[in-house]
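Q: First, the structure itself, so that you have it in front of you.
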Amino acid sequence: MTAPGSCEPVYTEQLGDGVLAVVLNQPRKRNAISADMMDLLAAYLRVADADEDVRVVVLRGEGEHFSSGGDLTQSGPGEQTVEAARARLQRYETVIRTIRQIGTPVVAMADGFVVGGAFSLLLACDLVCVSDRVRVVPAFCRIGIVPEMGLMKLLPDLVGDKVAKEILLADRELSATDLRELRLANRVLPPDELEAGTLELAHRVAGMPPQSVQITKGIMNAAADTGLEAVLQAETTASPLCTRTEGFRETMKRFAR
């Protein structure tokens with residue numbers, strides 16, 4: 001495991017009393033997530049889950065933002081084949097499976113922007129704490145692809161079919177108030193209290209007997225995630241095909257400028 005100040009795109013930090021932070025570390029890109037970052041994140045989560053001294057993982061972004069979503073600059077125009085897009089998306093989806101399947105609870109701590117795939121990461125976590133200035137932007141339909149990383153399963157299960165469709169199809173941005181009202185966040189806190197409030201919750205969970213916590217998480221996620229694998233598999237076909245559309249190509253041209 002690495003330490004704060006690392007140049008690695010993901011690093012870990014021991015927070016004491018059984019709590020480990022896993023940090024997305026690309027602040028100059030607002031922590032835009034690449035496939036390489038997702039490989040590292042999944043690996044760190046598995047290592048944490050195997051460590052008996054880690055009772056809770058806190059997932060956060062370095063700097064002022066949780067994450068601006070998928071890094072749309074990570075591949076050139078020549079690499080935008082269906083096959084390449086599918087292989088890359090499968091690496092992102094591994095993180096969702098890992099969060100949902102490991103026994104160790106994962107608490108999201110989000111400030112600033114939460115965009116696209118970062119929204120999926122947020123919803124996949126077991127507990128969510130956000131600042132009152134957080135802004136969630138679904139983004140997928142706006143850029144010409146379908147929602148990814150299980151979002152079409154996770155979001156409707158939490159807020160209902162009609163509300164989820166409005167959020168995704170109309171690209172409805174969500175404020176901290178929205179997250180509270182839709183019950184997508186456990187705690188909404190002022191920015192200067194976000195870390196302390198998140199750690200208070202994380203340490204409370206970490207202080208419980210680990211077997212009961214892990215088994216409870218496992219049973220609840222197993223019951224909730226019926227159908228999640230089917231959605232993830234469907235995404236690996238649907239979203240890459242969308243990368244061949246004119247709408248998506250126009251979006252890529254704007255990001256290439």
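Within each chain, counting starts at residue 1; across the structure tokens, chains are named A, B, ... in the order shown, with ligands numbered 1 upward in that order.
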Could you name the residues that touch Leu241 (chain A) at 10 Å or less, counting only C-alpha atoms, but leaving out those on the same chain fewer than 6 positions away, as an MDAnalysis selection string?
A: chainID A and resid 81:83 85:86 145:146 235
Q: Can you tell me which residues surround Val115 (chain A) at a distance of at most 9 Å, considering only C-alpha atoms, apart from same-chain residues fewer than 3 positions away, and format the answer as an MDAnalysis selection string?
A: chainID A and resid 32 66:70 118:120 135:140
Q: Please measure the separation of CA of Val23 (chain A) and CA of Thr251 (chain A), giving the value in Å to one decimal.
A: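 We find that CA of Val23 (chain A) and CA of Thr251 (chain A) lie 28.6 Å from each other.
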Q: Closest to Gly160 (chain A) among A:Leu184, A:Val205, A:Leu174, A:Ala21, using only C-alpha atoms?
A: A:Leu184
Q: May I have the residues within 9 Å of Ala110 (chain A) as a PDB file with all heavy atoms, in the first residue's frame, using only C-alpha atoms and disregarding those fewer than 3 positions away in the same chain?
A:
ATOM      1  N   LEU A  59     -13.738   5.657   0.607  1.00  0.00           N
ATOM      2  CA  LEU A  59     -13.355   5.981  -0.772  1.00  0.00           C
ATOM      3  C   LEU A  59     -13.584   7.466  -1.004  1.00  0.00           C
ATOM      4  O   LEU A  59     -14.706   7.959  -0.850  1.00  0.00           O
ATOM      5  CB  LEU A  59     -14.193   5.159  -1.751  1.00  0.00           C
ATOM      6  CG  LEU A  59     -13.981   5.444  -3.241  1.00  0.00           C
ATOM      7  CD1 LEU A  59     -12.546   5.162  -3.657  1.00  0.00           C
ATOM      8  CD2 LEU A  59     -14.962   4.628  -4.079  1.00  0.00           C
ATOM      9  N   ARG A  60     -12.527   8.178  -1.377  1.00  0.00           N
ATOM     10  CA  ARG A  60     -12.652   9.621  -1.593  1.00  0.00           C
ATOM     11  C   ARG A  60     -11.765  10.053  -2.746  1.00  0.00           C
ATOM     12  O   ARG A  60     -10.948   9.280  -3.253  1.00  0.00           O
ATOM     13  CB  ARG A  60     -12.280  10.407  -0.338  1.00  0.00           C
ATOM     14  CG  ARG A  60     -10.798  10.348   0.041  1.00  0.00           C
ATOM     15  CD  ARG A  60     -10.487  11.307   1.170  1.00  0.00           C
ATOM     16  NE  ARG A  60      -9.080  11.300   1.574  1.00  0.00           N
ATOM     17  CZ  ARG A  60      -8.136  12.035   1.004  1.00  0.00           C
ATOM     18  NH1 ARG A  60      -8.426  12.828  -0.006  1.00  0.00           N
ATOM     19  NH2 ARG A  60      -6.893  11.981   1.450  1.00  0.00           N
ATOM     20  N   GLY A  61     -11.928  11.311  -3.160  1.00  0.00           N
ATOM     21  CA  GLY A  61     -11.083  11.895  -4.185  1.00  0.00           C
ATOM     22  C   GLY A  61     -10.110  12.885  -3.578  1.00  0.00           C
ATOM     23  O   GLY A  61     -10.446  13.573  -2.609  1.00  0.00           O
ATOM     24  N   HIS A  65     -12.739  17.598  -5.467  1.00  0.00           N
ATOM     25  CA  HIS A  65     -13.786  16.863  -6.163  1.00  0.00           C
ATOM     26  C   HIS A  65     -13.641  15.359  -5.940  1.00  0.00           C
ATOM     27  O   HIS A  65     -12.525  14.841  -5.863  1.00  0.00           O
ATOM     28  CB  HIS A  65     -13.755  17.161  -7.663  1.00  0.00           C
ATOM     29  CG  HIS A  65     -13.915  18.611  -7.981  1.00  0.00           C
ATOM     30  ND1 HIS A  65     -15.141  19.238  -7.966  1.00  0.00           N
ATOM     31  CD2 HIS A  65     -12.990  19.563  -8.295  1.00  0.00           C
ATOM     32  CE1 HIS A  65     -14.970  20.518  -8.271  1.00  0.00           C
ATOM     33  NE2 HIS A  65     -13.689  20.745  -8.469  1.00  0.00           N
ATOM     34  N   PHE A  66     -14.787  14.693  -5.877  1.00  0.00           N
ATOM     35  CA  PHE A  66     -14.773  13.229  -5.818  1.00  0.00           C
ATOM     36  C   PHE A  66     -14.246  12.687  -7.138  1.00  0.00           C
ATOM     37  O   PHE A  66     -13.215  12.022  -7.179  1.00  0.00           O
ATOM     38  CB  PHE A  66     -16.176  12.708  -5.518  1.00  0.00           C
ATOM     39  CG  PHE A  66     -16.243  11.212  -5.360  1.00  0.00           C
ATOM     40  CD1 PHE A  66     -15.636  10.587  -4.287  1.00  0.00           C
ATOM     41  CD2 PHE A  66     -16.942  10.438  -6.283  1.00  0.00           C
ATOM     42  CE1 PHE A  66     -15.708   9.199  -4.135  1.00  0.00           C
ATOM     43  CE2 PHE A  66     -17.021   9.061  -6.143  1.00  0.00           C
ATOM     44  CZ  PHE A  66     -16.401   8.435  -5.064  1.00  0.00           C
ATOM     45  N   SER A  67     -14.942  12.985  -8.234  1.00  0.00           N
ATOM     46  CA  SER A  67     -14.455  12.567  -9.550  1.00  0.00           C
ATOM     47  C   SER A  67     -15.325  13.166 -10.644  1.00  0.00           C
ATOM     48  O   SER A  67     -16.547  13.219 -10.528  1.00  0.00           O
ATOM     49  CB  SER A  67     -14.466  11.044  -9.688  1.00  0.00           C
ATOM     50  OG  SER A  67     -14.197  10.648 -11.019  1.00  0.00           O
ATOM     51  N   PHE A 113     -17.640  17.737  -7.599  1.00  0.00           N
ATOM     52  CA  PHE A 113     -18.308  17.045  -8.696  1.00  0.00           C
ATOM     53  C   PHE A 113     -18.291  15.528  -8.532  1.00  0.00           C
ATOM     54  O   PHE A 113     -17.286  14.937  -8.118  1.00  0.00           O
ATOM     55  CB  PHE A 113     -17.655  17.404 -10.031  1.00  0.00           C
ATOM     56  CG  PHE A 113     -18.100  18.727 -10.585  1.00  0.00           C
ATOM     57  CD1 PHE A 113     -17.225  19.807 -10.623  1.00  0.00           C
ATOM     58  CD2 PHE A 113     -19.394  18.902 -11.063  1.00  0.00           C
ATOM     59  CE1 PHE A 113     -17.632  21.029 -11.133  1.00  0.00           C
ATOM     60  CE2 PHE A 113     -19.808  20.126 -11.572  1.00  0.00           C
ATOM     61  CZ  PHE A 113     -18.923  21.192 -11.604  1.00  0.00           C
ATOM     62  N   VAL A 114     -19.424  14.916  -8.874  1.00  0.00           N
ATOM     63  CA  VAL A 114     -19.566  13.469  -8.980  1.00  0.00           C
ATOM     64  C   VAL A 114     -20.234  13.235 -10.329  1.00  0.00           C
ATOM     65  O   VAL A 114     -21.437  13.434 -10.482  1.00  0.00           O
ATOM     66  CB  VAL A 114     -20.431  12.886  -7.845  1.00  0.00           C
ATOM     67  CG1 VAL A 114     -20.565  11.372  -7.997  1.00  0.00           C
ATOM     68  CG2 VAL A 114     -19.852  13.242  -6.475  1.00  0.00           C
ATOM     69  N   LEU A 122     -20.357   5.890  -6.368  1.00  0.00           N
ATOM     70  CA  LEU A 122     -21.007   6.403  -5.160  1.00  0.00           C
ATOM     71  C   LEU A 122     -22.147   5.474  -4.729  1.00  0.00           C
ATOM     72  O   LEU A 122     -22.249   5.099  -3.559  1.00  0.00           O
ATOM     73  CB  LEU A 122     -21.543   7.806  -5.435  1.00  0.00           C
ATOM     74  CG  LEU A 122     -21.894   8.665  -4.212  1.00  0.00           C
ATOM     75  CD1 LEU A 122     -20.630   9.232  -3.598  1.00  0.00           C
ATOM     76  CD2 LEU A 122     -22.822   9.799  -4.622  1.00  0.00           C
ATOM     77  N   VAL A 128     -22.825   6.477   2.241  1.00  0.00           N
ATOM     78  CA  VAL A 128     -22.428   7.650   1.461  1.00  0.00           C
ATOM     79  C   VAL A 128     -22.527   8.900   2.324  1.00  0.00           C
ATOM     80  O   VAL A 128     -23.571   9.184   2.909  1.00  0.00           O
ATOM     81  CB  VAL A 128     -23.331   7.813   0.218  1.00  0.00           C
ATOM     82  CG1 VAL A 128     -23.002   9.106  -0.517  1.00  0.00           C
ATOM     83  CG2 VAL A 128     -23.190   6.616  -0.717  1.00  0.00           C
ATOM     84  N   CYS A 129     -21.424   9.657   2.360  1.00  0.00           N
ATOM     85  CA  CYS A 129     -21.403  10.962   3.019  1.00  0.00           C
ATOM     86  C   CYS A 129     -20.974  11.996   1.985  1.00  0.00           C
ATOM     87  O   CYS A 129     -19.995  11.787   1.260  1.00  0.00           O
ATOM     88  CB  CYS A 129     -20.415  10.975   4.184  1.00  0.00           C
ATOM     89  SG  CYS A 129     -20.806   9.827   5.518  1.00  0.00           S
ATOM     90  N   VAL A 130     -21.708  13.108   1.906  1.00  0.00           N
ATOM     91  CA  VAL A 130     -21.402  14.135   0.907  1.00  0.00           C
ATOM     92  C   VAL A 130     -21.387  15.512   1.565  1.00  0.00           C
ATOM     93  O   VAL A 130     -21.973  15.718   2.623  1.00  0.00           O
ATOM     94  CB  VAL A 130     -22.435  14.140  -0.236  1.00  0.00           C
ATOM     95  CG1 VAL A 130     -22.469  12.795  -0.943  1.00  0.00           C
ATOM     96  CG2 VAL A 130     -23.827  14.530   0.259  1.00  0.00           C
ATOM     97  N   SER A 131     -20.726  16.452   0.891  1.00  0.00           N
ATOM     98  CA  SER A 131     -20.762  17.839   1.347  1.00  0.00           C
ATOM     99  C   SER A 131     -22.014  18.503   0.791  1.00  0.00           C
ATOM    100  O   SER A 131     -22.610  18.036  -0.184  1.00  0.00           O
ATOM    101  CB  SER A 131     -19.519  18.592   0.873  1.00  0.00           C
ATOM    102  OG  SER A 131     -19.664  18.993  -0.475  1.00  0.00           O
ATOM    103  N   VAL A 134     -21.950  19.378  -3.028  1.00  0.00           N
ATOM    104  CA  VAL A 134     -21.725  18.323  -4.018  1.00  0.00           C
ATOM    105  C   VAL A 134     -22.670  18.500  -5.198  1.00  0.00           C
ATOM    106  O   VAL A 134     -23.803  18.978  -5.054  1.00  0.00           O
ATOM    107  CB  VAL A 134     -21.913  16.929  -3.362  1.00  0.00           C
ATOM    108  CG1 VAL A 134     -23.389  16.595  -3.182  1.00  0.00           C
ATOM    109  CG2 VAL A 134     -21.211  15.851  -4.162  1.00  0.00           C
ATOM    110  N   LEU A 194     -16.995  17.563   6.495  1.00  0.00           N
ATOM    111  CA  LEU A 194     -17.217  16.320   5.757  1.00  0.00           C
ATOM    112  C   LEU A 194     -16.292  15.200   6.214  1.00  0.00           C
ATOM    113  O   LEU A 194     -16.734  14.071   6.457  1.00  0.00           O
ATOM    114  CB  LEU A 194     -17.036  16.573   4.252  1.00  0.00           C
ATOM    115  CG  LEU A 194     -17.170  15.344   3.347  1.00  0.00           C
ATOM    116  CD1 LEU A 194     -18.537  14.702   3.486  1.00  0.00           C
ATOM    117  CD2 LEU A 194     -16.881  15.723   1.894  1.00  0.00           C
TER     118      LEU A 194
END
Q: Per residue of region 11-118 of chain A within 7 Å of region 213-227 of chain A, note the shortest atom pair and the distance in Å to one decimal, counting only C-alpha atoms, and order the rows by chain and increasing residue number, as a tab-separated table.
A:
residue	atom	partner	partner_atom	distance
A:Arg100	CA	A:Asn221	CA	6.5
A:Gln101	CA	A:Gly218	CA	6.9
A:Gly103	CA	A:Gln214	CA	4.6
A:Thr104	CA	A:Gln214	CA	6.0
Q: Using only C-alpha atoms, determine which residues lie at most 12 Å from Leu182 (chain A), disregarding the query and same-chain residues fewer than 5 positions distant; provide the list as a ChimeraX atom specification.
A: /A:155-160,163-164,167,174-177
Q: Between CA of Gly112 (chain A) and CA of Ala43 (chain A), what is the distance, to one decimal in Å?
A: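 Interatomic distance here is 25.4 Å.
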Q: From the options A:Leu45, A:Ala238, A:Cys125, A:Leu20, which residue's atoms come nearest to Val107 (chain A), counting only C-alpha atoms?
A: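 Comparing A:Leu45, A:Ala238, A:Cys125, A:Leu20 against Val107 (chain A), the winner is A:Cys125.
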Q: Nearest to Leu201 (chain A): which of A:Val57, A:Ala234, A:Val10, A:Leu72 is it, counting only C-alpha atoms?
A: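 The closest residue to Leu201 (chain A) is A:Val57.
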Q: If I take CA of Glu193 (chain A) and CA of Leu121 (chain A), how far is one from the other in Å, to one decimal?
A: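 Computed distance, CA of Glu193 (chain A) to CA of Leu121 (chain A), equals 21.9 Å.
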Q: Enumerate the residues of region 56-237 of chain A with a DSSP assignment of helix (DSSP H, G or I), computed from the backbone, and present them as a ChimeraX atom specification.
A: /A:77-79,82-101,117-124,140-143,151-159,161-169,176-181,191-206,210-224,228-237
